Amino acid sequence: MNFSFSTNKLPQEFYSRHVTDVAKDLLGKVLCRTVSGQILSGKIVEVEAYSKDGDEASHSFKEKNKRNSIMFEGGGILYVYLIYGIHFCMNIVTGDKNSGCAVLVRAVEPLTNIDIMMKNRFGEALPNDKSLAHATNGPAKLCKAFNVDLAQNGISLLSSEIYLTEGFEVSEDEIGNSKRVGISKSKELDWRFYLKGNRFVSK
DNA sequence: ACAATGATTGGCT
DNA sequence: GCCAATCATTGTC
């Protein structure tokens with residue numbers, strides 16, 4: 001396949017940095033997910049950073065427990081959790097071991113095997129124009145489209161099952177920055193980053 | 001032990 | 001705009 005973007009896999013060093021730096025740099029990168037030999041992929045267009053330090057909205061703000069333990073395992077792995085009893089959200093763990101930092105992936109723009117994603121989301125592959133726009137424009141929506149659940153919690157982003165590639169160049173003036181969505185504590189932090197004008201951004 | 005809450009979504013008014 | 005779905009975790013009695 002001939003892609004118009006870089007398919008070089010991001011190295012461990014990318015993830016070992018400060019969480020807000022990684023969050024911003026994740027915009028334009030391509031999330032790849034192998035399912036039954038097929039590679040589902042999407043360009044990351046919206047993220048949020050969470051940290052154990054001074055961020056009461058983060059799962060890691062509390063002591064390490066069964067749910068959040070993956071956040072303490074160091075950068076370069078995936079943290080998946082169940083929310084509202086019915087949905088899953090995926091996060092990219094950053095920093096060193098015990099840093100308790102992760103980036104929530106809130107929205108992606110579908111790139112390859114869109115028909116499989118549509119089937120994962122809606123049970124049918126027909127790429128209706130309206131449904132495509134709502135396929136991956138939310139954290140739990142994209143998990144469903146990419147067939148990600150607790151079975152992927154803690155897996156390495158250097159694996160072939162899930163990984164990120166360099167993807168698209170993003171310049172500073174394309175990036176928007178705001179408060180995070182749907183939280184009640186530490187509301188003041190401007191730790192949401194998104195690509196301005198991209199139609200797959202959730203808000 | 002029991003009640004409330006949540007990094008959400010989808011259906012209905 | 002309102003609200004139910006559904007469960008791990010947390011708060012209260």
# chains A, B, ... in the order shown; residues from 1 in each chain; ligands from 1

call {"tool": "residues_around", "arguments": {"residues": "DA3 (chain B)", "least_positions_apart": "5", "cutoff": "12 Å", "atoms": "only C-alpha atoms (C1' of nucleotides)", "output": "list in words"}}
result
DT10, DG11, DT12 and DC13 of chain C

call {"tool": "write_last_selection", "arguments": {"atoms": "N, CA, C and O atoms (P, O5', C5', C4', C3', O3' and C1' of nucleotides)", "output": "PDB file, in the first residue's frame"}}
result
ATOM      1  P    DT C  10     -11.074   3.745  44.536  1.00  0.00           P
ATOM      2  O5'  DT C  10     -12.166   4.678  45.258  1.00  0.00           O
ATOM      3  C5'  DT C  10     -12.758   5.744  44.530  1.00  0.00           C
ATOM      4  C4'  DT C  10     -13.912   6.331  45.317  1.00  0.00           C
ATOM      5  C3'  DT C  10     -13.594   6.570  46.801  1.00  0.00           C
ATOM      6  O3'  DT C  10     -13.976   7.885  47.139  1.00  0.00           O
ATOM      7  C1'  DT C  10     -15.617   5.379  46.552  1.00  0.00           C
ATOM      8  P    DG C  11     -13.711   8.525  48.576  1.00  0.00           P
ATOM      9  O5'  DG C  11     -15.172   8.712  49.170  1.00  0.00           O
ATOM     10  C5'  DG C  11     -16.143   9.476  48.446  1.00  0.00           C
ATOM     11  C4'  DG C  11     -17.488   9.382  49.141  1.00  0.00           C
ATOM     12  C3'  DG C  11     -17.444   9.654  50.648  1.00  0.00           C
ATOM     13  O3'  DG C  11     -18.596  10.404  51.007  1.00  0.00           O
ATOM     14  C1'  DG C  11     -18.345   7.501  50.250  1.00  0.00           C
ATOM     15  P    DT C  12     -18.677  11.060  52.474  1.00  0.00           P
ATOM     16  O5'  DT C  12     -19.871  10.213  53.116  1.00  0.00           O
ATOM     17  C5'  DT C  12     -21.120  10.109  52.419  1.00  0.00           C
ATOM     18  C4'  DT C  12     -22.021   9.112  53.120  1.00  0.00           C
ATOM     19  C3'  DT C  12     -22.064   9.240  54.656  1.00  0.00           C
ATOM     20  O3'  DT C  12     -23.413   9.210  55.091  1.00  0.00           O
ATOM     21  C1'  DT C  12     -21.649   7.009  54.031  1.00  0.00           C
ATOM     22  P    DC C  13     -23.806   9.514  56.662  1.00  0.00           P
ATOM     23  O5'  DC C  13     -24.499   8.161  57.101  1.00  0.00           O
ATOM     24  C5'  DC C  13     -25.484   7.525  56.263  1.00  0.00           C
ATOM     25  C4'  DC C  13     -25.809   6.139  56.817  1.00  0.00           C
ATOM     26  C3'  DC C  13     -25.918   6.098  58.344  1.00  0.00           C
ATOM     27  O3'  DC C  13     -26.998   5.264  58.712  1.00  0.00           O
ATOM     28  C1'  DC C  13     -24.309   4.534  57.625  1.00  0.00           C
TER      29       DC C  13
END

call {"tool": "interface_residues", "arguments": {"of": "chain A", "to": "chain C", "cutoff": "10 Å", "atoms": "only C-alpha atoms (C1' of nucleotides)", "output": "list in words"}}
result
Asn65, Lys66, Arg67, Tyr81, Leu82, Ile83, Tyr84, Gly85, Ile86 and His87 of chain A

call {"tool": "write_last_selection", "arguments": {"atoms": "all heavy atoms", "output": "CSV table (one decimal), in the first residue's frame"}}
result
chain,number,residue,atom,x,y,z
A,65,ASN,N,-4.3,1.2,42.3
A,65,ASN,CA,-5.3,0.1,42.6
A,65,ASN,C,-5.5,-0.8,41.4
A,65,ASN,O,-4.7,-0.6,40.4
A,65,ASN,CB,-6.7,0.8,43.0
A,65,ASN,CG,-7.2,1.7,41.9
A,65,ASN,OD1,-7.0,1.4,40.7
A,65,ASN,ND2,-7.8,2.8,42.3
A,66,LYS,N,-6.4,-1.7,41.4
A,66,LYS,CA,-6.5,-2.7,40.4
A,66,LYS,C,-6.8,-2.0,39.0
A,66,LYS,O,-6.2,-2.4,38.0
A,66,LYS,CB,-7.6,-3.7,40.7
A,66,LYS,CG,-7.7,-4.8,39.7
A,66,LYS,CD,-8.5,-6.0,40.2
A,66,LYS,CE,-8.4,-7.1,39.2
A,66,LYS,NZ,-9.2,-8.3,39.6
A,67,ARG,N,-7.6,-1.0,39.0
A,67,ARG,CA,-8.0,-0.3,37.7
A,67,ARG,C,-6.8,0.5,37.2
A,67,ARG,O,-6.5,0.3,36.0
A,67,ARG,CB,-9.2,0.6,37.9
A,67,ARG,CG,-9.6,1.3,36.6
A,67,ARG,CD,-10.8,2.1,36.7
A,67,ARG,NE,-10.7,3.3,37.5
A,67,ARG,CZ,-11.5,4.3,37.4
A,67,ARG,NH1,-12.5,4.3,36.5
A,67,ARG,NH2,-11.4,5.4,38.2
A,81,TYR,N,-9.8,1.4,30.2
A,81,TYR,CA,-10.7,1.3,31.4
A,81,TYR,C,-12.1,1.3,30.9
A,81,TYR,O,-12.5,1.8,29.9
A,81,TYR,CB,-10.4,2.4,32.4
A,81,TYR,CG,-10.7,3.8,31.9
A,81,TYR,CD1,-12.0,4.3,32.1
A,81,TYR,CD2,-9.7,4.5,31.3
A,81,TYR,CE1,-12.2,5.6,31.6
A,81,TYR,CE2,-10.0,5.8,30.9
A,81,TYR,CZ,-11.3,6.4,31.0
A,81,TYR,OH,-11.5,7.6,30.6
A,82,LEU,N,-12.9,0.7,31.8
A,82,LEU,CA,-14.4,0.7,31.6
A,82,LEU,C,-15.0,2.0,32.2
A,82,LEU,O,-14.6,2.3,33.3
A,82,LEU,CB,-14.9,-0.6,32.3
A,82,LEU,CG,-16.5,-0.7,32.3
A,82,LEU,CD1,-17.0,-0.9,31.0
A,82,LEU,CD2,-16.8,-1.9,33.3
A,83,ILE,N,-15.9,2.6,31.5
A,83,ILE,CA,-16.5,3.8,32.0
A,83,ILE,C,-18.0,3.7,31.9
A,83,ILE,O,-18.5,3.2,30.9
A,83,ILE,CB,-15.9,5.1,31.3
A,83,ILE,CG1,-16.4,6.3,32.0
A,83,ILE,CG2,-16.3,5.1,29.9
A,83,ILE,CD1,-15.7,7.6,31.6
A,84,TYR,N,-18.7,4.2,32.9
A,84,TYR,CA,-20.2,4.2,33.0
A,84,TYR,C,-20.7,2.8,32.8
A,84,TYR,O,-21.8,2.6,32.4
A,84,TYR,CB,-20.8,5.1,32.0
A,84,TYR,CG,-20.4,6.6,32.3
A,84,TYR,CD1,-19.5,7.3,31.5
A,84,TYR,CD2,-21.0,7.2,33.3
A,84,TYR,CE1,-19.2,8.6,31.8
A,84,TYR,CE2,-20.7,8.6,33.6
A,84,TYR,CZ,-19.8,9.2,32.8
A,84,TYR,OH,-19.4,10.5,33.1
A,85,GLY,N,-19.9,1.8,33.2
A,85,GLY,CA,-20.3,0.4,33.1
A,85,GLY,C,-20.5,-0.2,31.7
A,85,GLY,O,-20.7,-1.4,31.6
A,86,ILE,N,-20.4,0.6,30.7
A,86,ILE,CA,-20.7,0.1,29.4
A,86,ILE,C,-19.7,0.4,28.3
A,86,ILE,O,-19.7,-0.2,27.2
A,86,ILE,CB,-22.1,0.5,28.9
A,86,ILE,CG1,-22.3,2.0,29.2
A,86,ILE,CG2,-23.2,-0.4,29.5
A,86,ILE,CD1,-23.7,2.5,28.9
A,87,HIS,N,-18.9,1.4,28.5
A,87,HIS,CA,-18.0,1.9,27.4
A,87,HIS,C,-16.5,1.7,27.9
A,87,HIS,O,-16.2,1.6,29.0
A,87,HIS,CB,-18.2,3.4,27.1
A,87,HIS,CG,-19.6,3.7,26.7
A,87,HIS,ND1,-20.2,3.2,25.6
A,87,HIS,CD2,-20.5,4.5,27.3
A,87,HIS,CE1,-21.4,3.7,25.5
A,87,HIS,NE2,-21.6,4.5,26.5

call {"tool": "select_by_dssp", "arguments": {"residues": "region 31-173 of chain A", "states": "helix (DSSP H, G or I)", "output": "ChimeraX atom specification"}}
result
/A:59-61,69-72,114-122,129-133,139-145,150-152,172-173

call {"tool": "write_last_selection", "arguments": {"atoms": "N, CA and C atoms", "output": "short mmCIF file (atom, residue, chain, number, x, y, z; two decimals), in the first residue's frame"}}
result
data_model
loop_
_atom_site.label_atom_id
_atom_site.label_comp_id
_atom_site.auth_asym_id
_atom_site.auth_seq_id
_atom_site.Cartn_x
_atom_site.Cartn_y
_atom_site.Cartn_z
N HIS A 59 -7.15 9.24 37.10
CA HIS A 59 -7.34 7.99 37.83
C HIS A 59 -6.15 7.71 38.73
N SER A 60 -4.97 8.19 38.36
CA SER A 60 -3.75 7.92 39.12
C SER A 60 -3.56 8.90 40.28
N PHE A 61 -4.47 9.88 40.42
CA PHE A 61 -4.35 10.81 41.55
C PHE A 61 -4.48 10.06 42.87
N SER A 69 -3.51 0.60 37.85
CA SER A 69 -2.12 0.16 38.00
C SER A 69 -1.29 0.28 36.72
N ILE A 70 -1.92 0.12 35.58
CA ILE A 70 -1.19 0.22 34.31
C ILE A 70 -0.60 1.61 34.10
N MET A 71 -1.25 2.63 34.67
CA MET A 71 -0.73 4.00 34.54
C MET A 71 0.62 4.18 35.22
N PHE A 72 0.99 3.24 36.10
CA PHE A 72 2.25 3.34 36.84
C PHE A 72 3.34 2.47 36.23
N ILE A 114 -11.79 1.30 6.77
CA ILE A 114 -12.93 2.03 7.34
C ILE A 114 -14.18 1.14 7.39
N ASP A 115 -14.31 0.25 6.39
CA ASP A 115 -15.49 -0.63 6.37
C ASP A 115 -15.52 -1.55 7.59
N ILE A 116 -14.34 -2.01 8.03
CA ILE A 116 -14.30 -2.87 9.22
C ILE A 116 -14.67 -2.07 10.47
N MET A 117 -14.18 -0.84 10.54
CA MET A 117 -14.52 0.02 11.68
C MET A 117 -16.02 0.28 11.74
N MET A 118 -16.61 0.52 10.58
CA MET A 118 -18.06 0.78 10.53
C MET A 118 -18.83 -0.44 11.02
N LYS A 119 -18.31 -1.61 10.65
CA LYS A 119 -18.96 -2.84 11.07
C LYS A 119 -18.82 -3.02 12.59
N ASN A 120 -17.62 -2.73 13.11
CA ASN A 120 -17.41 -2.81 14.56
C ASN A 120 -18.34 -1.86 15.33
N ARG A 121 -18.56 -0.69 14.75
CA ARG A 121 -19.36 0.34 15.42
C ARG A 121 -20.85 0.13 15.26
N PHE A 122 -21.29 -0.12 14.03
CA PHE A 122 -22.73 -0.11 13.75
C PHE A 122 -23.28 -1.46 13.28
N ASP A 129 -22.52 8.52 4.71
CA ASP A 129 -21.76 9.74 4.97
C ASP A 129 -21.95 10.24 6.39
N LYS A 130 -23.20 10.19 6.86
CA LYS A 130 -23.50 10.69 8.18
C LYS A 130 -22.88 9.80 9.27
N SER A 131 -22.96 8.49 9.10
CA SER A 131 -22.45 7.58 10.12
C SER A 131 -20.92 7.64 10.21
N LEU A 132 -20.26 7.85 9.10
CA LEU A 132 -18.80 7.94 9.12
C LEU A 132 -18.35 9.08 10.04
N ALA A 133 -19.03 10.19 9.98
CA ALA A 133 -18.66 11.35 10.80
C ALA A 133 -18.79 11.06 12.29
N PRO A 139 -14.10 9.22 22.66
CA PRO A 139 -13.17 8.23 23.21
C PRO A 139 -13.70 6.80 23.24
N ALA A 140 -14.99 6.63 23.59
CA ALA A 140 -15.54 5.27 23.63
C ALA A 140 -15.93 4.80 22.23
N LYS A 141 -16.31 5.75 21.38
CA LYS A 141 -16.66 5.39 20.00
C LYS A 141 -15.46 4.80 19.27
N LEU A 142 -14.29 5.44 19.43
CA LEU A 142 -13.13 4.94 18.68
C LEU A 142 -12.65 3.60 19.23
N CYS A 143 -12.84 3.38 20.53
CA CYS A 143 -12.48 2.07 21.08
C CYS A 143 -13.32 0.98 20.45
N LYS A 144 -14.60 1.27 20.27
CA LYS A 144 -15.47 0.27 19.65
C LYS A 144 -15.08 0.05 18.20
N ALA A 145 -14.82 1.13 17.47
CA ALA A 145 -14.44 1.02 16.07
C ALA A 145 -13.14 0.23 15.88
N LEU A 150 -10.80 -4.32 27.51
CA LEU A 150 -9.85 -4.63 28.58
C LEU A 150 -8.81 -5.67 28.17
N ALA A 151 -9.07 -6.43 27.13
CA ALA A 151 -8.10 -7.43 26.66
C ALA A 151 -6.82 -6.74 26.19
N GLN A 152 -6.91 -5.45 25.82
CA GLN A 152 -5.73 -4.71 25.35
C GLN A 152 -5.10 -3.86 26.46
N GLU A 172 2.34 24.21 14.69
CA GLU A 172 1.85 24.79 15.95
C GLU A 172 0.50 25.51 15.77
N ASP A 173 0.33 26.22 14.67
CA ASP A 173 -0.90 27.02 14.51
C ASP A 173 -2.11 26.19 14.13
#

call {"tool": "interface_residues", "arguments": {"of": "chain B", "to": "chain A", "cutoff": "9 Å", "atoms": "only C-alpha atoms (C1' of nucleotides)", "output": "CSV table (one decimal) with C-alpha atoms (C1' of nucleotides), in the first residue's frame"}}
result
chain,number,residue,atom,x,y,z
B,6,DG,C1',-18.1,8.8,36.6
B,7,DA,C1',-12.2,11.0,31.4
B,8,DT,C1',-19.7,8.5,27.7
B,9,DT,C1',-23.0,7.5,24.4

call {"tool": "residues_around", "arguments": {"residues": "Phe200 (chain A)", "least_positions_apart": "4", "cutoff": "10 Å", "atoms": "only C-alpha atoms (C1' of nucleotides)", "output": "PDB file with N, CA and C atoms, in the first residue's frame"}}
result
ATOM      1  N   LYS A  43      -5.954   8.772  12.076  1.00  0.00           N
ATOM      2  CA  LYS A  43      -5.117   9.915  12.484  1.00  0.00           C
ATOM      3  C   LYS A  43      -5.672  10.510  13.775  1.00  0.00           C
ATOM      4  N   ILE A  44      -4.829  10.674  14.774  1.00  0.00           N
ATOM      5  CA  ILE A  44      -5.255  11.234  16.059  1.00  0.00           C
ATOM      6  C   ILE A  44      -5.526  12.730  15.908  1.00  0.00           C
ATOM      7  N   VAL A  45      -6.736  13.153  16.284  1.00  0.00           N
ATOM      8  CA  VAL A  45      -7.108  14.563  16.108  1.00  0.00           C
ATOM      9  C   VAL A  45      -7.516  15.249  17.417  1.00  0.00           C
ATOM     10  N   GLU A  46      -7.670  14.489  18.503  1.00  0.00           N
ATOM     11  CA  GLU A  46      -8.053  15.082  19.787  1.00  0.00           C
ATOM     12  C   GLU A  46      -7.576  14.209  20.942  1.00  0.00           C
ATOM     13  N   ARG A 106      -9.187  10.942  22.391  1.00  0.00           N
ATOM     14  CA  ARG A 106     -10.607  11.320  22.340  1.00  0.00           C
ATOM     15  C   ARG A 106     -11.228  11.224  20.950  1.00  0.00           C
ATOM     16  N   ALA A 107     -10.415  11.348  19.910  1.00  0.00           N
ATOM     17  CA  ALA A 107     -10.979  11.252  18.560  1.00  0.00           C
ATOM     18  C   ALA A 107      -9.909  10.982  17.524  1.00  0.00           C
ATOM     19  N   VAL A 108     -10.260  10.215  16.510  1.00  0.00           N
ATOM     20  CA  VAL A 108      -9.364   9.963  15.380  1.00  0.00           C
ATOM     21  C   VAL A 108     -10.147  10.123  14.073  1.00  0.00           C
ATOM     22  N   GLU A 109      -9.378  10.342  13.000  1.00  0.00           N
ATOM     23  CA  GLU A 109      -9.962  10.398  11.651  1.00  0.00           C
ATOM     24  C   GLU A 109      -9.652   9.075  10.969  1.00  0.00           C
ATOM     25  N   PRO A 110     -10.660   8.284  10.624  1.00  0.00           N
ATOM     26  CA  PRO A 110     -10.415   6.966  10.026  1.00  0.00           C
ATOM     27  C   PRO A 110      -9.617   7.055   8.724  1.00  0.00           C
ATOM     28  N   LEU A 132     -20.256   7.852   9.101  1.00  0.00           N
ATOM     29  CA  LEU A 132     -18.797   7.943   9.121  1.00  0.00           C
ATOM     30  C   LEU A 132     -18.346   9.076  10.043  1.00  0.00           C
ATOM     31  N   ALA A 133     -19.033  10.190   9.984  1.00  0.00           N
ATOM     32  CA  ALA A 133     -18.664  11.350  10.800  1.00  0.00           C
ATOM     33  C   ALA A 133     -18.789  11.062  12.289  1.00  0.00           C
ATOM     34  N   HIS A 134     -19.663  10.120  12.656  1.00  0.00           N
ATOM     35  CA  HIS A 134     -19.859   9.806  14.062  1.00  0.00           C
ATOM     36  C   HIS A 134     -19.181   8.503  14.488  1.00  0.00           C
ATOM     37  N   ALA A 135     -18.367   7.937  13.610  1.00  0.00           N
ATOM     38  CA  ALA A 135     -17.778   6.627  13.880  1.00  0.00           C
ATOM     39  C   ALA A 135     -16.681   6.662  14.942  1.00  0.00           C
ATOM     40  N   THR A 136     -15.832   7.689  14.907  1.00  0.00           N
ATOM     41  CA  THR A 136     -14.667   7.707  15.803  1.00  0.00           C
ATOM     42  C   THR A 136     -14.460   9.069  16.466  1.00  0.00           C
ATOM     43  N   ASN A 137     -15.528   9.866  16.603  1.00  0.00           N
ATOM     44  CA  ASN A 137     -15.406  11.217  17.165  1.00  0.00           C
ATOM     45  C   ASN A 137     -15.713  11.263  18.662  1.00  0.00           C
ATOM     46  N   GLY A 138     -15.233  10.280  19.401  1.00  0.00           N
ATOM     47  CA  GLY A 138     -15.395  10.251  20.861  1.00  0.00           C
ATOM     48  C   GLY A 138     -14.551   9.117  21.407  1.00  0.00           C
ATOM     49  N   TYR A 194      -6.330  19.565  20.303  1.00  0.00           N
ATOM     50  CA  TYR A 194      -7.058  19.058  19.134  1.00  0.00           C
ATOM     51  C   TYR A 194      -6.605  19.778  17.878  1.00  0.00           C
ATOM     52  N   LEU A 195      -6.926  19.189  16.734  1.00  0.00           N
ATOM     53  CA  LEU A 195      -6.587  19.813  15.461  1.00  0.00           C
ATOM     54  C   LEU A 195      -7.744  20.728  15.059  1.00  0.00           C
TER      55      LEU A 195
END

call {"tool": "atom_distance", "arguments": {"atom1": "CA of Asn128 (chain A)", "atom2": "CA of Leu40 (chain A)"}}
result
18.3 Å

call {"tool": "closest_residue", "arguments": {"among": "A:Lys62, A:Lys179, A:Arg33, A:Lys52", "to": "Thr112 (chain A)", "atoms": "only C-alpha atoms"}}
result
A:Arg33

call {"tool": "select_by_dssp", "arguments": {"residues": "region 77-200 of chain A", "states": "strand (DSSP E)", "output": "ChimeraX atom specification"}}
result
/A:78-83,87-94,101-112,162-167,175-178,192-195

call {"tool": "write_last_selection", "arguments": {"atoms": "N, CA and C atoms", "output": "short mmCIF file (atom, residue, chain, number, x, y, z; two decimals), in the first residue's frame"}}
result
data_model
loop_
_atom_site.label_atom_id
_atom_site.label_comp_id
_atom_site.auth_asym_id
_atom_site.auth_seq_id
_atom_site.Cartn_x
_atom_site.Cartn_y
_atom_site.Cartn_z
N LEU A 78 -0.49 0.72 26.65
CA LEU A 78 -1.87 1.17 26.53
C LEU A 78 -2.62 0.95 27.85
N TYR A 79 -3.37 1.98 28.27
CA TYR A 79 -4.22 1.87 29.47
C TYR A 79 -5.68 1.96 29.02
N VAL A 80 -6.42 0.88 29.24
CA VAL A 80 -7.84 0.84 28.85
C VAL A 80 -8.69 0.69 30.10
N TYR A 81 -9.77 1.44 30.20
CA TYR A 81 -10.65 1.29 31.36
C TYR A 81 -12.12 1.31 30.93
N LEU A 82 -12.93 0.72 31.81
CA LEU A 82 -14.38 0.69 31.59
C LEU A 82 -14.98 1.95 32.20
N ILE A 83 -15.86 2.61 31.48
CA ILE A 83 -16.49 3.82 32.02
C ILE A 83 -18.00 3.72 31.91
N HIS A 87 -18.89 1.44 28.49
CA HIS A 87 -17.97 1.88 27.43
C HIS A 87 -16.51 1.70 27.85
N PHE A 88 -15.61 1.71 26.84
CA PHE A 88 -14.18 1.66 27.12
C PHE A 88 -13.51 2.91 26.58
N CYS A 89 -12.44 3.35 27.27
CA CYS A 89 -11.63 4.45 26.78
C CYS A 89 -10.18 4.01 26.75
N MET A 90 -9.42 4.47 25.74
CA MET A 90 -8.00 4.09 25.66
C MET A 90 -7.09 5.28 25.90
N ASN A 91 -6.01 4.99 26.62
CA ASN A 91 -5.02 6.00 26.97
C ASN A 91 -3.63 5.51 26.61
N ILE A 92 -2.74 6.48 26.31
CA ILE A 92 -1.35 6.15 26.04
C ILE A 92 -0.54 6.57 27.25
N VAL A 93 0.08 5.60 27.92
CA VAL A 93 0.84 5.88 29.13
C VAL A 93 2.15 6.58 28.75
N THR A 94 2.52 7.60 29.53
CA THR A 94 3.73 8.38 29.23
C THR A 94 4.66 8.45 30.45
N CYS A 101 1.16 8.94 34.52
CA CYS A 101 0.67 9.87 33.50
C CYS A 101 0.17 9.11 32.27
N ALA A 102 -0.88 9.66 31.64
CA ALA A 102 -1.40 9.04 30.43
C ALA A 102 -2.16 10.06 29.62
N VAL A 103 -2.31 9.77 28.32
CA VAL A 103 -3.04 10.65 27.40
C VAL A 103 -4.27 9.91 26.90
N LEU A 104 -5.43 10.47 27.15
CA LEU A 104 -6.69 9.90 26.65
C LEU A 104 -6.84 10.24 25.17
N VAL A 105 -7.08 9.22 24.34
CA VAL A 105 -7.32 9.46 22.92
C VAL A 105 -8.81 9.72 22.75
N ARG A 106 -9.19 10.94 22.39
CA ARG A 106 -10.61 11.32 22.34
C ARG A 106 -11.23 11.22 20.95
N ALA A 107 -10.42 11.35 19.91
CA ALA A 107 -10.98 11.25 18.56
C ALA A 107 -9.91 10.98 17.52
N VAL A 108 -10.26 10.21 16.51
CA VAL A 108 -9.36 9.96 15.38
C VAL A 108 -10.15 10.12 14.07
N GLU A 109 -9.38 10.34 13.00
CA GLU A 109 -9.96 10.40 11.65
C GLU A 109 -9.65 9.08 10.97
N PRO A 110 -10.66 8.28 10.62
CA PRO A 110 -10.41 6.97 10.03
C PRO A 110 -9.62 7.05 8.72
N LEU A 111 -8.64 6.13 8.55
CA LEU A 111 -7.81 6.15 7.35
C LEU A 111 -7.92 4.87 6.54
N THR A 112 -7.65 3.72 7.18
CA THR A 112 -7.67 2.46 6.43
C THR A 112 -8.64 1.45 7.05
N ILE A 162 -1.02 -3.26 18.51
CA ILE A 162 -1.36 -1.84 18.54
C ILE A 162 -0.07 -1.03 18.55
N TYR A 163 0.01 -0.01 17.69
CA TYR A 163 1.20 0.85 17.67
C TYR A 163 0.84 2.17 17.02
N LEU A 164 1.77 3.12 17.10
CA LEU A 164 1.56 4.42 16.48
C LEU A 164 2.66 4.66 15.45
N THR A 165 2.31 5.38 14.38
CA THR A 165 3.33 5.77 13.41
C THR A 165 3.40 7.29 13.32
N GLU A 166 4.50 7.77 12.74
CA GLU A 166 4.76 9.22 12.66
C GLU A 166 3.63 9.97 11.99
N GLY A 167 3.04 9.40 10.97
CA GLY A 167 1.87 9.99 10.36
C GLY A 167 2.11 11.33 9.69
N ILE A 175 -2.95 23.64 16.05
CA ILE A 175 -3.32 23.00 17.31
C ILE A 175 -4.16 23.91 18.19
N GLY A 176 -5.32 23.41 18.62
CA GLY A 176 -6.17 24.11 19.58
C GLY A 176 -5.93 23.54 20.96
N ASN A 177 -6.26 24.34 21.99
CA ASN A 177 -5.95 23.97 23.38
C ASN A 177 -7.10 24.46 24.26
N SER A 178 -7.62 23.60 25.14
CA SER A 178 -8.76 24.03 25.97
C SER A 178 -8.83 23.22 27.25
N ARG A 192 -6.50 19.72 27.15
CA ARG A 192 -7.09 19.12 25.95
C ARG A 192 -6.44 19.75 24.73
N PHE A 193 -6.03 18.91 23.78
CA PHE A 193 -5.41 19.39 22.55
C PHE A 193 -6.13 18.77 21.35
N TYR A 194 -6.33 19.57 20.30
CA TYR A 194 -7.06 19.06 19.13
C TYR A 194 -6.61 19.78 17.88
N LEU A 195 -6.93 19.19 16.73
CA LEU A 195 -6.59 19.81 15.46
C LEU A 195 -7.74 20.73 15.06
#
